[in-house]
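Student: Next up, my_file-v2.pdb (PDB, C-alpha atoms).
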MODEL        1
ATOM      1  CA  MET A 288      64.909  21.453  13.276
ATOM      2  CA  LEU A 289      64.445  21.241   9.537
ATOM      3  CA  ALA A 290      60.763  22.064   9.289
ATOM      4  CA  GLN A 291      57.521  22.340  11.126
ATOM      5  CA  ASN A 292      54.660  23.343   8.856
ATOM      6  CA  PRO A 293      51.061  23.908   9.987
ATOM      7  CA  ASP A 294      49.885  22.151   6.820
ATOM      8  CA  ALA A 295      52.197  19.180   7.358
ATOM      9  CA  ARG A 296      49.935  16.978   9.460
ATOM     10  CA  GLY A 297      49.996  13.211   9.292
ATOM     11  CA  LEU A 298      53.581  12.959   8.093
ATOM     12  CA  GLY A 299      54.532   9.984   5.917
ATOM     13  CA  ASP A 300      57.898   8.259   5.801
ATOM     14  CA  LEU A 301      60.884  10.212   4.522
ATOM     15  CA  VAL A 302      62.474   9.712   1.101
ATOM     16  CA  THR A 303      65.800  11.294   0.142
ATOM     17  CA  ASP A 304      67.624  11.982  -3.126
ATOM     18  CA  PHE A 305      71.303  12.108  -4.102
ATOM     19  CA  ASP A 306      71.546  15.786  -3.093
ATOM     20  CA  GLY A 307      70.240  15.233   0.418
ATOM     21  CA  ASN A 308      66.771  16.721  -0.186
ATOM     22  CA  LEU A 309      63.930  15.090   1.719
ATOM     23  CA  TYR A 310      60.480  14.272   0.397
ATOM     24  CA  PHE A 311      57.436  13.451   2.475
ATOM     25  CA  SER A 312      53.660  13.435   2.312
ATOM     26  CA  ALA A 313      51.499  15.382   4.708
ATOM     27  CA  GLU A 314      47.784  16.121   4.790
ATOM     28  CA  HIS A 315      46.951  16.285   1.048
ATOM     29  CA  GLY A 316      50.276  17.484  -0.329
ATOM     30  CA  ILE A 317      53.785  16.318  -1.229
ATOM     31  CA  PHE A 318      56.640  18.382   0.179
ATOM     32  CA  ARG A 319      60.348  18.749  -0.547
ATOM     33  CA  LEU A 320      62.682  19.854   2.215
ATOM     34  CA  SER A 321      66.061  21.021   0.914
ATOM     35  CA  ASN A 322      69.269  20.321   2.800
ATOM     36  CA  SER A 323      69.328  24.049   3.640
ATOM     37  CA  GLY A 324      65.939  23.790   5.359
ATOM     38  CA  MET A 325      63.685  25.312   2.686
ATOM     39  CA  LEU A 326      60.244  23.686   2.598
ATOM     40  CA  VAL A 327      58.360  23.614  -0.712
ATOM     41  CA  LEU A 328      54.971  22.135  -1.579
ATOM     42  CA  ILE A 329      55.877  20.393  -4.840
ATOM     43  CA  ALA A 330      52.478  18.894  -5.636
ATOM     44  CA  GLY A 331      48.988  18.853  -4.188
ATOM     45  CA  MET A 332      46.958  21.398  -2.291
ATOM     46  CA  PRO A 333      47.086  22.931   1.201
ATOM     47  CA  ALA A 334      45.419  21.281   4.169
ATOM     48  CA  ASN A 335      41.735  20.322   3.986
ATOM     49  CA  TYR A 336      41.627  20.327   0.162
ATOM     50  CA  ARG A 337      41.592  16.854  -1.259
ATOM     51  CA  GLY A 338      41.045  15.319  -4.664
ATOM     52  CA  ILE A 339      42.431  13.028  -7.346
ATOM     53  CA  VAL A 340      43.250  15.472 -10.121
ATOM     54  CA  ASP A 341      46.190  15.002 -12.494
ATOM     55  CA  GLY A 342      48.166  17.770 -14.160
ATOM     56  CA  ASP A 343      50.963  20.152 -13.317
ATOM     57  CA  ALA A 344      52.063  20.653  -9.727
ATOM     58  CA  ALA A 345      50.038  23.855  -9.283
ATOM     59  CA  HIS A 346      46.724  22.199 -10.190
ATOM     60  CA  ALA A 347      47.084  18.525  -9.213
ATOM     61  CA  SER A 348      45.455  17.290  -6.022
ATOM     62  CA  PHE A 349      45.874  14.294  -3.710
ATOM     63  CA  ASP A 350      43.609  12.522  -1.266
ATOM     64  CA  THR A 351      45.465  11.472   1.896
ATOM     65  CA  PRO A 352      48.892  10.537   0.444
ATOM     66  CA  ALA A 353      50.741   7.979   2.527
ATOM     67  CA  ASP A 354      53.881   5.973   1.754
ATOM     68  CA  MET A 355      56.061   6.908  -1.215
ATOM     69  CA  THR A 356      59.201   5.826  -3.034
ATOM     70  CA  ARG A 357      61.578   7.302  -5.603
ATOM     71  CA  ASP A 358      63.286   5.782  -8.658
ATOM     72  CA  ASP A 359      66.760   6.545 -10.029
ATOM     73  CA  ALA A 360      65.292   8.942 -12.605
ATOM     74  CA  GLY A 361      63.901  11.155  -9.849
ATOM     75  CA  ASN A 362      60.233  10.204 -10.214
ATOM     76  CA  LEU A 363      58.197   9.951  -7.025
ATOM     77  CA  TYR A 364      55.476   7.335  -6.591
ATOM     78  CA  VAL A 365      52.847   7.989  -3.955
ATOM     79  CA  LEU A 366      50.297   5.641  -2.407
ATOM     80  CA  GLU A 367      47.023   7.213  -1.353
ATOM     81  CA  SER A 368      45.030   5.976   1.602
ATOM     82  CA  ARG A 369      41.541   7.410   1.317
ATOM     83  CA  PRO A 370      39.518   7.114   4.507
ATOM     84  CA  VAL A 371      35.727   6.878   4.294
ATOM     85  CA  PRO A 372      33.086   7.164   7.028
ATOM     86  CA  ALA A 373      32.539   4.272   9.428
ATOM     87  CA  PRO A 374      31.747   1.395   9.516
ATOM     88  CA  CYS A 375      34.017   0.750   6.514
ATOM     89  CA  CYS A 376      36.779   3.010   7.882
ATOM     90  CA  TYR A 377      38.855   2.835   4.686
ATOM     91  CA  GLN A 378      38.477   2.743   0.912
ATOM     92  CA  ARG A 379      39.534  -0.507  -0.733
ATOM     93  CA  GLY A 380      41.832  -0.572  -3.721
ATOM     94  CA  LEU A 381      45.162   0.736  -4.976
ATOM     95  CA  VAL A 382      45.540   4.414  -5.808
ATOM     96  CA  LEU A 383      49.063   5.110  -7.074
ATOM     97  CA  ARG A 384      50.237   8.513  -8.337
ATOM     98  CA  LYS A 385      53.435   9.493 -10.142
ATOM     99  CA  ILE A 386      55.218  12.853  -9.864
ATOM    100  CA  THR A 387      57.928  13.585 -12.437
ATOM    101  CA  PRO A 388      60.954  15.770 -11.597
ATOM    102  CA  GLY A 389      59.190  18.527 -13.559
ATOM    103  CA  GLY A 390      56.139  18.335 -11.292
ATOM    104  CA  GLU A 391      53.701  16.587 -13.639
ATOM    105  CA  VAL A 392      51.264  14.348 -11.749
ATOM    106  CA  THR A 393      49.568  11.326 -13.315
ATOM    107  CA  THR A 394      47.496   8.482 -11.905
ATOM    108  CA  LEU A 395      48.971   5.052 -12.584
ATOM    109  CA  ALA A 396      46.284   3.121 -10.726
ATOM    110  CA  GLY A 397      42.899   3.985  -9.322
ATOM    111  CA  PRO A 398      39.162   3.773 -10.053
ATOM    112  CA  GLY A 399      38.778   3.488 -13.819
ATOM    113  CA  THR A 400      42.516   3.738 -14.532
ATOM    114  CA  TRP A 401      45.246   1.127 -14.736
ATOM    115  CA  TRP A 402      48.720   1.844 -16.119
ATOM    116  CA  GLY A 403      47.594   4.586 -18.513
ATOM    117  CA  LYS A 404      44.513   2.802 -19.808
ATOM    118  CA  ASN A 405      40.816   2.740 -19.023
ATOM    119  CA  ASP A 406      40.203  -0.039 -16.518
ATOM    120  CA  THR A 407      36.742  -1.516 -16.927
ATOM    121  CA  ALA A 408      37.862  -4.651 -15.039
ATOM    122  CA  ASN A 409      38.573  -2.666 -11.832
ATOM    123  CA  THR A 410      42.095  -4.061 -11.565
ATOM    124  CA  PHE A 411      42.830  -1.664  -8.708
ATOM    125  CA  LEU A 412      40.473  -3.739  -6.529
ATOM    126  CA  LYS A 413      42.957  -6.619  -6.602
ATOM    127  CA  PHE A 414      44.432  -4.668  -3.690
ATOM    128  CA  ASP A 415      42.773  -4.127  -0.340
ATOM    129  CA  LYS A 416      44.654  -1.606   1.804
ATOM    130  CA  PRO A 417      48.162  -0.893   0.440
ATOM    131  CA  THR A 418      50.525   0.355   3.156
ATOM    132  CA  LYS A 419      54.078   0.317   1.731
ATOM    133  CA  ILE A 420      55.662   0.643  -1.699
ATOM    134  CA  ALA A 421      59.067  -0.001  -3.303
ATOM    135  CA  VAL A 422      60.316   0.126  -6.908
ATOM    136  CA  ASP A 423      63.271  -1.656  -8.508
ATOM    137  CA  LYS A 424      65.595  -0.706 -11.351
ATOM    138  CA  GLN A 425      63.434  -2.533 -13.913
ATOM    139  CA  GLY A 426      60.385  -0.446 -13.070
ATOM    140  CA  ASN A 427      58.596  -3.174 -11.132
ATOM    141  CA  PHE A 428      56.570  -2.076  -8.121
ATOM    142  CA  TYR A 429      56.129  -3.993  -4.880
ATOM    143  CA  ILE A 430      53.168  -3.271  -2.644
ATOM    144  CA  ALA A 431      52.612  -4.405   0.927
ATOM    145  CA  ASP A 432      48.865  -4.989   0.986
ATOM    146  CA  TYR A 433      46.870  -5.362   4.188
ATOM    147  CA  SER A 434      43.432  -6.919   4.624
ATOM    148  CA  PRO A 435      41.963  -5.827   7.968
ATOM    149  CA  SER A 436      39.099  -7.734   9.513
ATOM    150  CA  VAL A 437      36.758  -6.889  12.365
ATOM    151  CA  ILE A 438      35.476 -10.457  12.786
ATOM    152  CA  GLY A 439      38.616 -12.582  12.336
ATOM    153  CA  PRO A 440      42.359 -12.482  11.744
ATOM    154  CA  SER A 441      43.834  -9.716   9.579
ATOM    155  CA  PHE A 442      46.354 -10.668   6.921
ATOM    156  CA  GLY A 443      48.927  -8.982   4.691
ATOM    157  CA  SER A 444      50.681  -9.950   1.467
ATOM    158  CA  ILE A 445      53.291  -8.628  -0.980
ATOM    159  CA  LYS A 446      52.130  -8.024  -4.539
ATOM    160  CA  LYS A 447      54.190  -7.162  -7.585
ATOM    161  CA  ILE A 448      53.140  -4.916 -10.459
ATOM    162  CA  SER A 449      55.374  -5.343 -13.503
ATOM    163  CA  ALA A 450      56.432  -2.397 -15.653
ATOM    164  CA  ALA A 451      53.641  -3.477 -18.023
ATOM    165  CA  GLY A 452      51.032  -3.389 -15.240
ATOM    166  CA  GLU A 453      50.669  -7.127 -14.626
ATOM    167  CA  VAL A 454      49.777  -8.055 -11.034
ATOM    168  CA  SER A 455      51.094 -11.115  -9.181
ATOM    169  CA  SER A 456      51.516 -12.196  -5.559
ATOM    170  CA  ILE A 457      55.077 -12.945  -4.471
ATOM    171  CA  ALA A 458      54.542 -13.705  -0.778
ATOM    172  CA  ASP A 459      51.998 -15.751   1.121
ATOM    173  CA  PRO A 460      49.535 -13.937   3.386
ATOM    174  CA  VAL A 461      50.754 -13.517   6.965
ATOM    175  CA  SER A 462      48.920 -12.438  10.089
ATOM    176  CA  PHE A 463      49.034  -8.698  10.720
ATOM    177  CA  GLY A 464      50.922  -7.954   7.499
ATOM    178  CA  TYR A 465      54.471  -7.051   6.531
ATOM    179  CA  ARG A 466      56.370  -4.450   8.546
ATOM    180  CA  ALA A 467      59.244  -3.604   6.200
ATOM    181  CA  LEU A 468      59.633  -3.366   2.435
ATOM    182  CA  GLN A 469      62.560  -1.932   0.486
ATOM    183  CA  THR A 470      64.977  -2.436  -2.396
ATOM    184  CA  ASP A 471      68.737  -1.888  -2.407
ATOM    185  CA  SER A 472      71.060  -0.234  -4.931
ATOM    186  CA  LYS A 473      71.403  -3.529  -6.812
ATOM    187  CA  GLY A 474      67.665  -4.046  -7.159
ATOM    188  CA  ASN A 475      67.302  -6.799  -4.566
ATOM    189  CA  LEU A 476      64.043  -6.778  -2.615
ATOM    190  CA  TYR A 477      63.736  -7.152   1.164
ATOM    191  CA  PHE A 478      60.523  -7.590   3.109
ATOM    192  CA  ALA A 479      59.749  -8.823   6.593
ATOM    193  CA  ASP A 480      56.874  -9.828   8.802
ATOM    194  CA  ASP A 481      57.097 -10.018  12.571
ATOM    195  CA  SER A 482      59.561 -12.924  12.639
ATOM    196  CA  THR A 483      60.901 -13.620   9.129
ATOM    197  CA  LEU A 484      63.009 -11.707   6.599
ATOM    198  CA  TYR A 485      62.691 -12.539   2.901
ATOM    199  CA  VAL A 486      65.227 -11.576   0.221
ATOM    200  CA  ARG A 487      64.571 -11.725  -3.535
ATOM    201  CA  SER A 488      67.092 -10.996  -6.269
ATOM    202  CA  ALA A 489      66.684  -8.313  -8.906
ATOM    203  CA  GLN A 490      65.826 -11.146 -11.315
ATOM    204  CA  GLY A 491      62.858 -12.151  -9.152
ATOM    205  CA  THR A 492      64.215 -15.352  -7.643
ATOM    206  CA  GLN A 493      64.110 -15.925  -3.912
ATOM    207  CA  ILE A 494      67.608 -15.708  -2.450
ATOM    208  CA  ALA A 495      67.002 -16.474   1.194
ATOM    209  CA  VAL A 496      64.520 -16.733   4.020
ATOM    210  CA  TYR A 497      65.647 -15.973   7.576
ATOM    211  CA  GLY A 498      63.135 -17.133  10.186
ATOM    212  CA  ASN A 499      62.738 -17.263  13.947
ATOM    213  CA  ILE A 500      63.746 -13.610  14.385
ATOM    214  CA  SER A 501      61.462 -12.203  17.039
ATOM    215  CA  GLY A 502      59.924  -8.754  16.605
ATOM    216  CA  ILE A 503      61.335  -7.326  13.368
ATOM    217  CA  ASN A 504      60.480  -3.620  13.277
ATOM    218  CA  ALA A 505      62.853  -2.071  10.708
ATOM    219  CA  ILE A 506      65.682  -3.011   8.341
ATOM    220  CA  THR A 507      68.576  -1.261   6.636
ATOM    221  CA  VAL A 508      70.927  -2.654   4.008
ATOM    222  CA  ALA A 509      74.564  -1.562   3.751
ATOM    223  CA  GLU A 510      76.360  -1.019   0.445
ATOM    224  CA  THR A 511      78.442  -4.063   1.395
ATOM    225  CA  GLY A 512      75.297  -6.197   1.300
ATOM    226  CA  ASP A 513      75.124  -6.729   5.051
ATOM    227  CA  ILE A 514      71.595  -6.518   6.463
ATOM    228  CA  TYR A 515      70.766  -4.986   9.847
ATOM    229  CA  LEU A 516      67.465  -5.622  11.614
ATOM    230  CA  ALA A 517      65.997  -3.588  14.465
ATOM    231  CA  VAL A 518      64.126  -6.136  16.561
ATOM    232  CA  SER A 519      62.287  -5.912  19.847
ATOM    233  CA  ASN A 520      65.313  -6.682  21.987
ATOM    234  CA  GLY A 521      68.331  -5.542  19.963
ATOM    235  CA  VAL A 522      69.975  -5.505  16.547
ATOM    236  CA  ARG A 523      70.554  -8.562  14.378
ATOM    237  CA  LYS A 524      72.991  -8.722  11.466
ATOM    238  CA  ILE A 525      72.972 -10.973   8.404
ATOM    239  CA  ASP A 526      76.294 -10.899   6.566
ATOM    240  CA  THR A 527      76.853 -11.539   2.871
ATOM    241  CA  HIS A 528      77.381 -15.249   3.579
ATOM    242  CA  GLY A 529      73.964 -15.534   5.208
ATOM    243  CA  ASN A 530      75.243 -15.794   8.763
ATOM    244  CA  LEU A 531      72.802 -14.421  11.345
ATOM    245  CA  SER A 532      74.183 -12.903  14.543
ATOM    246  CA  SER A 533      73.196 -10.570  17.357
ATOM    247  CA  LEU A 534      75.300  -7.434  17.640
ATOM    248  CA  SER A 535      76.926  -6.869  20.989
ATOM    249  CA  ILE A 536      75.193  -3.647  21.976
ATOM    250  CA  ASP A 537      74.745  -2.421  25.547
ATOM    251  CA  LEU A 538      71.038  -1.608  25.708
ATOM    252  CA  SER A 539      71.039  -0.554  29.345
ATOM    253  CA  ALA A 540      70.213   2.988  28.181
ATOM    254  CA  ILE A 541      66.871   1.591  26.995
ATOM    255  CA  PRO A 542      65.354   0.216  30.206
ATOM    256  CA  ASN A 543      62.722  -2.494  30.154
ATOM    257  CA  ASP A 544      60.105  -0.669  32.201
ATOM    258  CA  GLY A 545      57.165  -2.740  31.039
ATOM    259  CA  GLN A 546      55.750   0.120  28.956
ATOM    260  CA  GLY A 547      57.295  -0.727  25.600
ATOM    261  CA  GLY A 548      60.383   0.891  24.167
ATOM    262  CA  ALA A 549      61.238  -1.536  21.404
ATOM    263  CA  LEU A 550      63.602  -0.371  18.702
ATOM    264  CA  SER A 551      61.501   1.360  16.055
ATOM    265  CA  GLY A 552      64.106   2.415  13.491
ATOM    266  CA  ILE A 553      67.613   1.735  12.253
ATOM    267  CA  ALA A 554      69.969   3.531   9.871
ATOM    268  CA  ARG A 555      73.606   3.237   8.807
ATOM    269  CA  ASP A 556      75.830   6.013   7.469
ATOM    270  CA  LYS A 557      78.640   5.864   4.916
ATOM    271  CA  THR A 558      81.258   5.239   7.618
ATOM    272  CA  GLY A 559      79.426   2.143   8.846
ATOM    273  CA  THR A 560      78.068   3.721  12.024
ATOM    274  CA  LEU A 561      74.668   2.437  13.124
ATOM    275  CA  PHE A 562      71.879   4.547  14.610
ATOM    276  CA  ILE A 563      68.729   3.283  16.299
ATOM    277  CA  SER A 564      65.541   4.889  17.555
ATOM    278  CA  THR A 565      62.943   3.788  20.095
ATOM    279  CA  ASN A 566      59.253   4.564  20.168
ATOM    280  CA  ARG A 567      59.763   6.020  23.646
ATOM    281  CA  GLY A 568      61.418   9.239  22.534
ATOM    282  CA  ALA A 569      65.139   8.819  21.815
ATOM    283  CA  VAL A 570      67.677   8.318  19.007
ATOM    284  CA  TYR A 571      71.068   6.732  19.689
ATOM    285  CA  LYS A 572      74.410   6.237  17.979
ATOM    286  CA  VAL A 573      75.982   2.793  18.392
ATOM    287  CA  ARG A 574      79.620   3.363  19.360
ATOM    288  CA  THR A 575      82.445   1.062  18.339
ATOM    289  CA  ASP A 576      82.552  -0.353  21.883
ATOM    290  CA  GLY A 577      78.882  -1.330  21.646
ATOM    291  CA  LYS A 578      77.643   1.339  24.020
ATOM    292  CA  LEU A 579      74.935   3.837  23.055
ATOM    293  CA  ALA A 580      75.537   7.574  22.757
ATOM    294  CA  THR A 581      72.382   9.698  22.811
ATOM    295  CA  VAL A 582      71.907  11.784  19.667
ATOM    296  CA  ALA A 583      68.619  13.351  20.747
ATOM    297  CA  GLY A 584      65.797  12.852  23.217
ATOM    298  CA  VAL A 585      65.455  11.123  26.568
ATOM    299  CA  PHE A 586      64.042   7.634  26.885
ATOM    300  CA  GLY A 587      60.534   7.687  28.355
ATOM    301  CA  GLN A 588      60.103  11.455  28.021
ATOM    302  CA  GLN A 589      58.046  12.446  24.995
ATOM    303  CA  GLY A 590      57.970  16.014  23.742
ATOM    304  CA  SER A 591      59.093  18.538  21.154
ATOM    305  CA  ARG A 592      62.133  20.397  22.414
ATOM    306  CA  LEU A 593      65.408  21.224  20.704
ATOM    307  CA  GLY A 594      68.914  21.802  21.987
ATOM    308  CA  ALA A 595      70.918  20.125  24.732
ATOM    309  CA  SER A 596      67.762  19.102  26.611
ATOM    310  CA  SER A 597      65.952  17.855  23.505
ATOM    311  CA  ARG A 598      62.789  15.779  23.638
ATOM    312  CA  LEU A 599      61.332  13.715  20.790
ATOM    313  CA  LYS A 600      57.802  12.467  20.254
ATOM    314  CA  GLU A 601      57.651   8.862  19.027
ATOM    315  CA  PRO A 602      60.515   9.249  16.527
ATOM    316  CA  THR A 603      60.034   7.401  13.225
ATOM    317  CA  GLY A 604      61.460   7.418   9.701
ATOM    318  CA  LEU A 605      65.105   7.449  10.818
ATOM    319  CA  LEU A 606      67.326   8.270   7.838
ATOM    320  CA  THR A 607      71.002   9.131   7.298
ATOM    321  CA  LEU A 608      71.782  12.083   5.027
ATOM    322  CA  SER A 609      74.700  12.715   2.685
ATOM    323  CA  ASP A 610      76.213  15.362   4.985
ATOM    324  CA  GLY A 611      76.501  12.918   7.898
ATOM    325  CA  THR A 612      73.467  14.168   9.797
ATOM    326  CA  LEU A 613      70.253  12.299  10.568
ATOM    327  CA  ALA A 614      66.666  13.089   9.703
ATOM    328  CA  VAL A 615      63.767  11.861  11.803
ATOM    329  CA  ILE A 616      60.048  12.509  12.155
ATOM    330  CA  SER A 617      59.106  13.651  15.657
ATOM    331  CA  GLY A 618      55.401  14.240  16.130
ATOM    332  CA  GLN A 619      54.442  16.794  13.460
ATOM    333  CA  ALA A 620      58.005  18.028  12.892
ATOM    334  CA  ILE A 621      60.941  16.837  10.808
ATOM    335  CA  LEU A 622      64.208  17.205  12.652
ATOM    336  CA  LYS A 623      67.796  17.260  11.440
ATOM    337  CA  LEU A 624      70.061  15.784  14.072
ATOM    338  CA  VAL A 625      73.748  16.556  14.303
ATOM    339  CA  VAL A 626      75.590  13.432  15.358
ATOM    340  CA  PRO A 627      77.968  13.821  18.337
ATOM    341  CA  LYS A 628      81.601  12.913  17.693
TER     342      LYS A 628
ENDMDL
END
Spell out the structure here as structure tokens.
Tutor:
Amino acid sequence: MLAQNPDARGLGDLVTDFDGNLYFSAEHGIFRLSNSGMLVLIAGMPANYRGIVDGDAAHASFDTPADMTRDDAGNLYVLESRPVPAPCCYQRGLVLRKITPGGEVTTLAGPGTWWGKNDTANTFLKFDKPTKIAVDKQGNFYIADYSPSVIGPSFGSIKKISAAGEVSSIADPVSFGYRALQTDSKGNLYFADDSTLYVRSAQGTQIAVYGNISGINAITVAETGDIYLAVSNGVRKIDTHGNLSSLSIDLSAIPNDGQGGALSGIARDKTGTLFISTNRGAVYKVRTDGKLATVAGVFGQQGSRLGASSRLKEPTGLLTLSDGTLAVISGQAILKLVVPK
């Protein structure tokens, strides 16, 4: 296990850097977990202390940080999701914070602020409930925005914020929102709803649309440009020529017991080995013969136990690290998994 911190409740997705350090949000703070297992609160306050205060890492505060991303310069960008009492259940608008490698925290977007200027036009309210964020090499941000409704259908869209702070929509609203959003090392953008994957070039032109893919839950992009999709009933691959295929994987280790168990995560290491996770408590390595080798957990048995009889609790955030190990969120813990040979 890498870390289990009493203040680290409500863990957000994992972000890694070139040295194998992990970054994640929890409660009202931003944490760094070194590859040696040292956990450091790099910005924000301990549990139960919230706020939107800029400044150095020791004095800045956050209010319910959620998804985050990192640029090539080492800056972290953090979305905040500020809950409010019912019946509203959430606070509308985009709150986006930046953390420099030196620990300085500034607000890029929020009430009264937009891209370093006073915002009398309330530009942040062009967003409803941001859920995911990505940044490209040109400094453009992409936000998956969700508009929940209690009386009708809920919709989601993808919005772009240019480096100058200009807002535009780049994807039509879809029911229930977008499930995946990321950029690759070349600056291409990938986002997906339940059944369609969209790819846009670093120059902002749409490269491809791949539809009729049932149950997209997660994506990973190889350095070769091949795209791998974790879907409800297996893994799909899109090669660099745009050919879509189903990988021949023996999923008998993931029984269809009528209680769920769809693939929830996918990752690929530098050797080309694929790893998948299910929301029913297990992480697997895909062997060259297409069979699954269990890395950790037992399908259908949730828990928090390490060692040979390990148990995982709804594993999410599957990520490969530079040393060949895996990182995954299991309940309120972050685990480092050694991959069997």
Student: List the spatial neighbours of stretch 452-462 of chain A as a PyMOL selection string - criterion: any atom at most 8 Å away, only C-alpha atoms, same-chain residues fewer than 5 positions off excluded.
Tutor: chain A and resi 401-402+440-447+480
Student: Can you translate the PyMOL selection byres ((chain A and resi 312) around 12) into the concrete residues it hits in this file, as an mmCIF file with C-alpha atoms, in the frame of the given file?
Tutor:
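What landed in expr02.cif:
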data_model
loop_
_atom_site.group_PDB
_atom_site.id
_atom_site.type_symbol
_atom_site.label_atom_id
_atom_site.label_comp_id
_atom_site.auth_asym_id
_atom_site.auth_seq_id
_atom_site.Cartn_x
_atom_site.Cartn_y
_atom_site.Cartn_z
ATOM 1 C CA ASN A 292 54.660 23.343 8.856
ATOM 2 C CA ASP A 294 49.885 22.151 6.820
ATOM 3 C CA ALA A 295 52.197 19.180 7.358
ATOM 4 C CA ARG A 296 49.935 16.978 9.460
ATOM 5 C CA GLY A 297 49.996 13.211 9.292
ATOM 6 C CA LEU A 298 53.581 12.959 8.093
ATOM 7 C CA GLY A 299 54.532 9.984 5.917
ATOM 8 C CA ASP A 300 57.898 8.259 5.801
ATOM 9 C CA LEU A 301 60.884 10.212 4.522
ATOM 10 C CA VAL A 302 62.474 9.712 1.101
ATOM 11 C CA LEU A 309 63.930 15.090 1.719
ATOM 12 C CA TYR A 310 60.480 14.272 0.397
ATOM 13 C CA PHE A 311 57.436 13.451 2.475
ATOM 14 C CA ALA A 313 51.499 15.382 4.708
ATOM 15 C CA GLU A 314 47.784 16.121 4.790
ATOM 16 C CA HIS A 315 46.951 16.285 1.048
ATOM 17 C CA GLY A 316 50.276 17.484 -0.329
ATOM 18 C CA ILE A 317 53.785 16.318 -1.229
ATOM 19 C CA PHE A 318 56.640 18.382 0.179
ATOM 20 C CA ARG A 319 60.348 18.749 -0.547
ATOM 21 C CA LEU A 320 62.682 19.854 2.215
ATOM 22 C CA VAL A 327 58.360 23.614 -0.712
ATOM 23 C CA LEU A 328 54.971 22.135 -1.579
ATOM 24 C CA ILE A 329 55.877 20.393 -4.840
ATOM 25 C CA ALA A 330 52.478 18.894 -5.636
ATOM 26 C CA GLY A 331 48.988 18.853 -4.188
ATOM 27 C CA MET A 332 46.958 21.398 -2.291
ATOM 28 C CA PRO A 333 47.086 22.931 1.201
ATOM 29 C CA ALA A 334 45.419 21.281 4.169
ATOM 30 C CA PHE A 349 45.874 14.294 -3.710
ATOM 31 C CA ASP A 350 43.609 12.522 -1.266
ATOM 32 C CA THR A 351 45.465 11.472 1.896
ATOM 33 C CA PRO A 352 48.892 10.537 0.444
ATOM 34 C CA ALA A 353 50.741 7.979 2.527
ATOM 35 C CA ASP A 354 53.881 5.973 1.754
ATOM 36 C CA MET A 355 56.061 6.908 -1.215
ATOM 37 C CA THR A 356 59.201 5.826 -3.034
ATOM 38 C CA LEU A 363 58.197 9.951 -7.025
ATOM 39 C CA TYR A 364 55.476 7.335 -6.591
ATOM 40 C CA VAL A 365 52.847 7.989 -3.955
ATOM 41 C CA LEU A 366 50.297 5.641 -2.407
ATOM 42 C CA GLU A 367 47.023 7.213 -1.353
ATOM 43 C CA SER A 368 45.030 5.976 1.602
ATOM 44 C CA ILE A 616 60.048 12.509 12.155
ATOM 45 C CA GLN A 619 54.442 16.794 13.460
ATOM 46 C CA ILE A 621 60.941 16.837 10.808
#
Student: Could you name the residues that touch stretch 516-529 of chain A at 10 Å or less, counting only C-alpha atoms, but leaving out those on the same chain fewer than 5 positions away, as a ChimeraX atom specification?
Tutor: /A:479,481-482,484,494-497,500-509,511,534-538,541,543,547-554,561,563-565
Student: Could you write out that same residue set with C-alpha atoms as a short mmCIF file (atom, residue, chain, number, x, y, z; two decimals), in the frame of the given file?
Tutor:
data_model
loop_
_atom_site.label_atom_id
_atom_site.label_comp_id
_atom_site.auth_asym_id
_atom_site.auth_seq_id
_atom_site.Cartn_x
_atom_site.Cartn_y
_atom_site.Cartn_z
CA ALA A 479 59.75 -8.82 6.59
CA ASP A 481 57.10 -10.02 12.57
CA SER A 482 59.56 -12.92 12.64
CA LEU A 484 63.01 -11.71 6.60
CA ILE A 494 67.61 -15.71 -2.45
CA ALA A 495 67.00 -16.47 1.19
CA VAL A 496 64.52 -16.73 4.02
CA TYR A 497 65.65 -15.97 7.58
CA ILE A 500 63.75 -13.61 14.38
CA SER A 501 61.46 -12.20 17.04
CA GLY A 502 59.92 -8.75 16.60
CA ILE A 503 61.34 -7.33 13.37
CA ASN A 504 60.48 -3.62 13.28
CA ALA A 505 62.85 -2.07 10.71
CA ILE A 506 65.68 -3.01 8.34
CA THR A 507 68.58 -1.26 6.64
CA VAL A 508 70.93 -2.65 4.01
CA ALA A 509 74.56 -1.56 3.75
CA THR A 511 78.44 -4.06 1.40
CA LEU A 534 75.30 -7.43 17.64
CA SER A 535 76.93 -6.87 20.99
CA ILE A 536 75.19 -3.65 21.98
CA ASP A 537 74.74 -2.42 25.55
CA LEU A 538 71.04 -1.61 25.71
CA ILE A 541 66.87 1.59 27.00
CA ASN A 543 62.72 -2.49 30.15
CA GLY A 547 57.30 -0.73 25.60
CA GLY A 548 60.38 0.89 24.17
CA ALA A 549 61.24 -1.54 21.40
CA LEU A 550 63.60 -0.37 18.70
CA SER A 551 61.50 1.36 16.06
CA GLY A 552 64.11 2.42 13.49
CA ILE A 553 67.61 1.74 12.25
CA ALA A 554 69.97 3.53 9.87
CA LEU A 561 74.67 2.44 13.12
CA ILE A 563 68.73 3.28 16.30
CA SER A 564 65.54 4.89 17.56
CA THR A 565 62.94 3.79 20.10
#
Student: Env of A:Tyr429: 9 Å cut, atoms = all atoms listed in the file, seq-sep filter 3 positions within chain, self excluded. Answer as a short mmCIF file (atom, residue, chain, number, x, y, z; two decimals) with C-alpha atoms, in the coordinates of the input.
Tutor:
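The result, stored in part_25.cif:
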data_model
loop_
_atom_site.label_atom_id
_atom_site.label_comp_id
_atom_site.auth_asym_id
_atom_site.auth_seq_id
_atom_site.Cartn_x
_atom_site.Cartn_y
_atom_site.Cartn_z
CA LYS A 419 54.08 0.32 1.73
CA ILE A 420 55.66 0.64 -1.70
CA ALA A 421 59.07 0.00 -3.30
CA VAL A 422 60.32 0.13 -6.91
CA ASP A 423 63.27 -1.66 -8.51
CA ILE A 445 53.29 -8.63 -0.98
CA LYS A 446 52.13 -8.02 -4.54
CA LYS A 447 54.19 -7.16 -7.58
CA ILE A 448 53.14 -4.92 -10.46
CA SER A 449 55.37 -5.34 -13.50
CA LEU A 468 59.63 -3.37 2.44
CA GLN A 469 62.56 -1.93 0.49
CA LEU A 476 64.04 -6.78 -2.62
#
